[in-house]
Every structure is written in C-alpha cells, then in structure tokens.
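Note: the block below is entry11.pdb and it holds PDB, C-alpha atoms.
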ATOM      1  CA  MET A   6      30.209   2.773   3.441
ATOM      2  CA  SER A   7      28.421  -0.461   2.466
ATOM      3  CA  TYR A   8      27.108  -3.294   4.619
ATOM      4  CA  ARG A   9      30.293  -5.181   3.668
ATOM      5  CA  GLU A  10      32.213  -2.482   5.524
ATOM      6  CA  GLY A  11      30.171  -2.886   8.694
ATOM      7  CA  ARG A  12      27.257  -0.526   8.088
ATOM      8  CA  PHE A  13      23.821  -2.027   8.720
ATOM      9  CA  TRP A  14      21.118  -1.079   6.254
ATOM     10  CA  GLN A  15      17.540  -2.273   6.097
ATOM     11  CA  PRO A  16      14.666  -0.863   4.035
ATOM     12  CA  ASP A  17      11.148  -0.419   5.424
ATOM     13  CA  VAL A  18       9.042  -3.276   4.058
ATOM     14  CA  THR A  19       5.506  -2.166   3.292
ATOM     15  CA  VAL A  20       2.397  -3.535   1.625
ATOM     16  CA  ALA A  21      -0.370  -1.766  -0.268
ATOM     17  CA  THR A  22      -3.677  -2.946  -1.660
ATOM     18  CA  VAL A  23      -5.349  -1.806  -4.877
ATOM     19  CA  VAL A  24      -9.035  -2.525  -4.289
ATOM     20  CA  VAL A  25     -11.480  -1.853  -7.133
ATOM     21  CA  ARG A  26     -15.284  -1.777  -7.010
ATOM     22  CA  ASP A  27     -17.454  -0.544  -9.877
ATOM     23  CA  GLY A  28     -14.466   1.208 -11.463
ATOM     24  CA  ARG A  29     -13.499   3.042  -8.264
ATOM     25  CA  LEU A  30     -10.411   2.605  -6.100
ATOM     26  CA  LEU A  31     -10.512   2.242  -2.330
ATOM     27  CA  CYS A  32      -8.279   4.996  -0.950
ATOM     28  CA  VAL A  33      -7.468   6.485   2.411
ATOM     29  CA  GLU A  34      -7.169  10.127   3.280
ATOM     30  CA  GLU A  35      -4.686  10.456   6.126
ATOM     31  CA  ARG A  36      -2.834  13.122   8.030
ATOM     32  CA  VAL A  37       0.957  12.785   7.700
ATOM     33  CA  GLY A  38       3.397  15.455   8.817
ATOM     34  CA  GLY A  39       0.651  18.062   9.014
ATOM     35  CA  ARG A  40      -0.556  17.330   5.459
ATOM     36  CA  LEU A  41      -3.746  15.619   4.332
ATOM     37  CA  VAL A  42      -2.596  13.001   1.811
ATOM     38  CA  LEU A  43      -4.070  10.179  -0.270
ATOM     39  CA  ASN A  44      -2.816   6.614  -0.299
ATOM     40  CA  GLN A  45      -3.948   3.072  -0.870
ATOM     41  CA  PRO A  46      -4.574   1.063   2.248
ATOM     42  CA  ALA A  47      -0.930   0.460   3.128
ATOM     43  CA  GLY A  48       1.476  -0.061   5.965
ATOM     44  CA  HIS A  49       4.422  -1.919   7.401
ATOM     45  CA  LEU A  50       4.956  -5.648   7.507
ATOM     46  CA  GLU A  51       4.958  -6.903  11.093
ATOM     47  CA  PRO A  52       7.186  -9.669  12.518
ATOM     48  CA  ASP A  53       6.069 -13.228  11.649
ATOM     49  CA  GLU A  54       3.379 -11.902   9.280
ATOM     50  CA  SER A  55       3.068 -12.940   5.652
ATOM     51  CA  LEU A  56       2.899 -10.215   3.019
ATOM     52  CA  VAL A  57      -0.665 -11.218   2.107
ATOM     53  CA  ASP A  58      -1.755 -11.226   5.760
ATOM     54  CA  ALA A  59      -0.206  -7.770   6.187
ATOM     55  CA  ALA A  60      -2.133  -6.460   3.163
ATOM     56  CA  LEU A  61      -5.400  -7.882   4.534
ATOM     57  CA  ARG A  62      -4.742  -6.407   7.998
ATOM     58  CA  GLU A  63      -3.749  -2.958   6.751
ATOM     59  CA  THR A  64      -6.776  -2.762   4.465
ATOM     60  CA  ARG A  65      -9.102  -3.720   7.314
ATOM     61  CA  GLU A  66      -7.451  -1.360   9.840
ATOM     62  CA  GLU A  67      -7.282   1.645   7.524
ATOM     63  CA  THR A  68     -10.590   1.333   5.650
ATOM     64  CA  GLY A  69     -12.939  -0.889   7.614
ATOM     65  CA  TRP A  70     -13.249  -3.242   4.622
ATOM     66  CA  ASN A  71     -12.622  -6.977   4.406
ATOM     67  CA  VAL A  72     -11.099  -7.904   1.058
ATOM     68  CA  ARG A  73      -9.874 -10.966  -0.810
ATOM     69  CA  ILE A  74      -6.342 -10.655  -2.164
ATOM     70  CA  THR A  75      -6.265 -11.880  -5.775
ATOM     71  CA  HIS A  76      -2.885 -10.980  -7.276
ATOM     72  CA  LEU A  77       0.491  -9.377  -6.741
ATOM     73  CA  VAL A  78       0.547  -6.154  -8.766
ATOM     74  CA  GLY A  79       4.254  -5.434  -8.336
ATOM     75  CA  THR A  80       7.171  -4.713  -6.078
ATOM     76  CA  TYR A  81       8.587  -1.215  -5.781
ATOM     77  CA  GLN A  82      11.767   0.223  -4.343
ATOM     78  CA  TRP A  83      11.775   3.920  -3.446
ATOM     79  CA  LYS A  84      13.856   6.358  -1.415
ATOM     80  CA  ALA A  85      11.933   9.201   0.223
ATOM     81  CA  PRO A  86      13.773  12.440  -0.609
ATOM     82  CA  GLU A  87      12.723  14.222   2.604
ATOM     83  CA  THR A  88      13.793  11.492   5.035
ATOM     84  CA  GLN A  89      16.244   9.456   2.925
ATOM     85  CA  ARG A  90      14.408   6.318   4.128
ATOM     86  CA  HIS A  91      14.286   3.387   1.748
ATOM     87  CA  TYR A  92      11.058   1.511   1.108
ATOM     88  CA  LEU A  93      10.399  -1.865  -0.449
ATOM     89  CA  ARG A  94       6.659  -2.072  -1.194
ATOM     90  CA  PHE A  95       4.628  -5.076  -2.261
ATOM     91  CA  ALA A  96       1.380  -4.010  -3.928
ATOM     92  CA  PHE A  97      -1.529  -6.416  -4.187
ATOM     93  CA  ALA A  98      -4.837  -6.426  -6.038
ATOM     94  CA  ALA A  99      -7.956  -7.262  -4.041
ATOM     95  CA  GLU A 100     -11.710  -7.593  -4.349
ATOM     96  CA  PRO A 101     -13.923  -5.988  -1.692
ATOM     97  CA  LEU A 102     -15.991  -8.456   0.344
ATOM     98  CA  ASP A 103     -17.832  -6.417   2.948
ATOM     99  CA  GLU A 104     -17.611  -3.240   4.974
ATOM    100  CA  ILE A 105     -17.210  -3.757   8.726
ATOM    101  CA  ALA A 106     -20.057  -1.957  10.483
ATOM    102  CA  GLY A 107     -18.804   0.527  13.072
ATOM    103  CA  ALA A 108     -15.122  -0.106  12.343
ATOM    104  CA  THR A 109     -12.651   2.259  13.995
ATOM    105  CA  LEU A 110      -9.931   3.333  11.562
ATOM    106  CA  ASP A 111      -6.221   3.515  12.415
ATOM    107  CA  GLU A 112      -4.847   6.640  14.043
ATOM    108  CA  GLY A 113      -4.125   9.319  11.452
ATOM    109  CA  ILE A 114      -6.694   8.002   8.975
ATOM    110  CA  VAL A 115      -9.327  10.671   8.337
ATOM    111  CA  ARG A 116     -11.560   8.552   6.112
ATOM    112  CA  ALA A 117     -11.762   5.831   3.516
ATOM    113  CA  LEU A 118     -13.152   6.847   0.138
ATOM    114  CA  TRP A 119     -13.769   5.403  -3.304
ATOM    115  CA  LEU A 120     -12.211   7.432  -6.131
ATOM    116  CA  THR A 121     -12.204   6.964  -9.875
ATOM    117  CA  PRO A 122      -8.721   6.545 -11.330
ATOM    118  CA  GLU A 123      -9.127   9.973 -12.947
ATOM    119  CA  ALA A 124     -10.001  11.624  -9.628
ATOM    120  CA  LEU A 125      -7.038   9.960  -7.908
ATOM    121  CA  GLN A 126      -4.667  11.010 -10.680
ATOM    122  CA  ALA A 127      -6.018  14.583 -10.562
ATOM    123  CA  GLU A 128      -4.951  14.692  -6.881
ATOM    124  CA  ALA A 129      -1.343  13.685  -7.634
ATOM    125  CA  ALA A 130       0.029  16.563  -5.541
ATOM    126  CA  ARG A 131      -1.678  14.998  -2.504
ATOM    127  CA  HIS A 132      -0.375  11.461  -3.018
ATOM    128  CA  ARG A 133       1.617  10.257  -0.018
ATOM    129  CA  SER A 134       4.353   9.080  -2.391
ATOM    130  CA  PRO A 135       4.869   8.299  -6.081
ATOM    131  CA  LEU A 136       4.189   4.662  -5.167
ATOM    132  CA  VAL A 137       0.452   5.448  -4.936
ATOM    133  CA  TRP A 138      -0.084   6.151  -8.625
ATOM    134  CA  ARG A 139       2.604   3.746  -9.837
ATOM    135  CA  ALA A 140       0.781   0.737  -8.331
ATOM    136  CA  VAL A 141      -2.580   1.930  -9.681
ATOM    137  CA  ALA A 142      -1.139   2.586 -13.151
ATOM    138  CA  ASP A 143       0.436  -0.866 -13.189
ATOM    139  CA  TYR A 144      -2.828  -2.459 -12.073
ATOM    140  CA  LEU A 145      -4.826  -0.554 -14.700
ATOM    141  CA  GLY A 146      -2.228  -1.601 -17.275
ATOM    142  CA  GLY A 147      -2.923  -5.255 -16.502
ATOM    143  CA  SER A 148      -0.110  -6.083 -14.081
ATOM    144  CA  ARG A 149      -1.431  -9.151 -12.216
ATOM    145  CA  HIS A 150       0.954 -11.828 -10.983
ATOM    146  CA  PRO A 151       0.238 -15.056  -9.091
ATOM    147  CA  LEU A 152       0.235 -14.796  -5.309
ATOM    148  CA  SER A 153       2.767 -17.628  -5.266
ATOM    149  CA  LEU A 154       5.385 -14.961  -6.054
ATOM    150  CA  ALA A 155       4.838 -13.590  -2.527
ATOM    151  CA  ARG A 156       5.146 -16.913  -0.737
ATOM    152  CA  GLN A 157       5.939 -17.138   2.975
ATOM    153  CA  ILE A 158       8.233 -20.024   3.872
ATOM    154  CA  ALA A 159       7.568 -21.248   7.408
TER     155      ALA A 159
END
So that I can check it, write out the structure of this file as structure tokens.
Amino acid sequence: MSYREGRFWQPDVTVATVVVRDGRLLCVEERVGGRLVLNQPAGHLEPDESLVDAALRETREETGWNVRITHLVGTYQWKAPETQRHYLRFAFAAEPLDEIAGATLDEGIVRALWLTPEALQAEAARHRSPLVWRAVADYLGGSRHPLSLARQIA
C-alpha cells in the first residue's frame, strides 16, 4: 500500500560529517545492538534544525570536536535490511577547528578516533552501515558540492 492509499511513510533523516586532518578521518567507535561499530560522526536531524547545524551538533556531541562545515558530499538513501527502516542521509565535509577539553561524548559512543582511509576500509565488517564508506569514497573521489544545496528556508 502506498501513501496515496492512506499509508504514512517517513524516512529517518540523518546527517554525517567527513572530517579530515593530516590524511586521517575523524570516526566514532560506538556500541549498537551489542556490537562495537565504526561510523562518521552522525545522527538524526532534530525539529527546527538546519542540516548544517545538525552536522555541527552531532560532530561535537559524538567526538568532542568543533568543526567548520565546508561542503555537501552527497545525499544517500538506504534501507536497513535488519529493521527495514529507511534512511535519507546528508553527508558533509568539514575541517577540524579545535578539540573541546573534557567533552563528554554521547551515550553509546566509546571513543572518537582518527583513522586513515585504508584503516577504515580494512574495518568494513565493523561499519555501522554501507553509508560509512560510501560517503568517504565519494569525498576521496572529489565529491564536494556547495552548501547552498542544503539550504534551510525559514
């Protein structure tokens, strides 16, 4: 049944940030469903929040780093096979500014770490989803779009 037939459907809208410093990617190691997985700083868009503000917030909350968002890397649609949930992810590129001294990381986050692209790719079995490497691969391949493509209209 489609939404035209009365069924309501809404994907989870998420953001992720690809942060690079000295050739390394800022990643999070987090516990999800009893597994220790790797992800970019990422999370859900909150009500009345712009996509860029969400990416800044999630990066800060999950890694303890302040960053400057520079580009939109891409948008990704994915259906999780285990849960059948649909995700619409907006991935951004960012430059690190400074680490927040004594920052407390979000619940479930074990640690933030800087990995080379090769080290992250070697851990593919531990990626939270295929979106992790897809955004990094696109970034490394030069995918950088103006932030005006992720404009919030007030």
If you count all atoms listed in the file, the residue of A:Glu128, A:Glu112, A:Asp58, A:Glu34 closest to Val72 (chain A) turns out to be A:Asp58
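Note that the spacing between CA of Ser153 (chain A) and CA of Ala85 (chain A) amounts to 28.9 Å.
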For this session: Identify which of the residues A:Val57, A:Ala117, A:Ala129, A:Leu93 lies closest to Pro151 (chain A), counting only C-alpha atoms when measuring atom-to-atom distances.
Result: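 Smallest distance to Pro151 (chain A) is found for A:Val57.
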Practice task
Name the residues captured by the PyMOL selection byres ((chain A and resi 154) around 12) when it is applied to the shown file; answer as a list in words.
Solution key: Leu56, Val57, His76, Leu77, Val78, Gly79, Thr80, Phe95, Ala96, Phe97, Arg149, His150, Pro151, Leu152, Ser153, Ala155, Arg156, Gln157 and Ile158 of chain A
Would you mind exporting the chosen residues as a PDB file, in the frame of the given file, restricted to C-alpha atoms?
ATOM      1  CA  LEU A  56       2.899 -10.215   3.019  1.00  0.00           C
ATOM      2  CA  VAL A  57      -0.665 -11.218   2.107  1.00  0.00           C
ATOM      3  CA  HIS A  76      -2.885 -10.980  -7.276  1.00  0.00           C
ATOM      4  CA  LEU A  77       0.491  -9.377  -6.741  1.00  0.00           C
ATOM      5  CA  VAL A  78       0.547  -6.154  -8.766  1.00  0.00           C
ATOM      6  CA  GLY A  79       4.254  -5.434  -8.336  1.00  0.00           C
ATOM      7  CA  THR A  80       7.171  -4.713  -6.078  1.00  0.00           C
ATOM      8  CA  PHE A  95       4.628  -5.076  -2.261  1.00  0.00           C
ATOM      9  CA  ALA A  96       1.380  -4.010  -3.928  1.00  0.00           C
ATOM     10  CA  PHE A  97      -1.529  -6.416  -4.187  1.00  0.00           C
ATOM     11  CA  ARG A 149      -1.431  -9.151 -12.216  1.00  0.00           C
ATOM     12  CA  HIS A 150       0.954 -11.828 -10.983  1.00  0.00           C
ATOM     13  CA  PRO A 151       0.238 -15.056  -9.091  1.00  0.00           C
ATOM     14  CA  LEU A 152       0.235 -14.796  -5.309  1.00  0.00           C
ATOM     15  CA  SER A 153       2.767 -17.628  -5.266  1.00  0.00           C
ATOM     16  CA  ALA A 155       4.838 -13.590  -2.527  1.00  0.00           C
ATOM     17  CA  ARG A 156       5.146 -16.913  -0.737  1.00  0.00           C
ATOM     18  CA  GLN A 157       5.939 -17.138   2.975  1.00  0.00           C
ATOM     19  CA  ILE A 158       8.233 -20.024   3.872  1.00  0.00           C
TER      20      ILE A 158
END
Query - Residue neighbourhood Gly113 (chain A), 10 Å, only C-alpha atoms, exclusion window fewer than 2 positions, as number ranges by chain - result: A: 34-37, 41, 67, 110-111, 115-116
Item checked: Counting only C-alpha atoms, the residue of A:Val18, A:Ala47, A:Leu30, A:Ala127 that sits nearest Val141 (chain A) ->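 Checking each candidate against Val141 (chain A), we get A:Leu30 as the closest.
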The distance between CA of Leu120 (chain A) and CA of Glu87 (chain A) is 27.3 Å
**OP:** Using CA of Glu63 (chain A) and CA of Arg26 (chain A) as the two end points, give the distance in Å to one decimal.
**Re:**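 One can read the CA of Glu63 (chain A) to CA of Arg26 (chain A) distance as 18.0 Å.
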ask   = Using only C-alpha atoms, which of A:Val24, A:Trp70, A:Ser134, A:Val42 sits nearest Pro86 (chain A)?
value =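 Counting only C-alpha atoms, the residue closest to Pro86 (chain A) is A:Ser134.
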Practice task
I would like the residues chosen by the PyMOL selection byres ((chain A and resi 48) around 9) on the shown file; could you give them as a PyMOL selection string?
Solution key: chain A and resi 18-21+46-47+49-50+59-60+63-64
- [ ] List every protein, DNA or RNA residue that has at least one atom no more than 9 Å from (-18.1, -6.4, 2.2) in the file's coordinates, counting all atoms listed in the file, and write the result as a PyMOL selection string.
- [x] chain A and resi 70-72+101-105
Q) Between A:Ala108, A:Asp143, A:Arg90, A:Arg62, which one has atoms that come closest to Ile74 (chain A), using all atoms listed in the file? A)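 Among the listed residues, the smallest separation from Ile74 (chain A) belongs to A:Arg62.
Considering all atoms listed in the file, the residue among A:Leu43, A:Val137, A:Ala99, A:Leu118 positioned nearest to Trp83 (chain A) is A:Val137.
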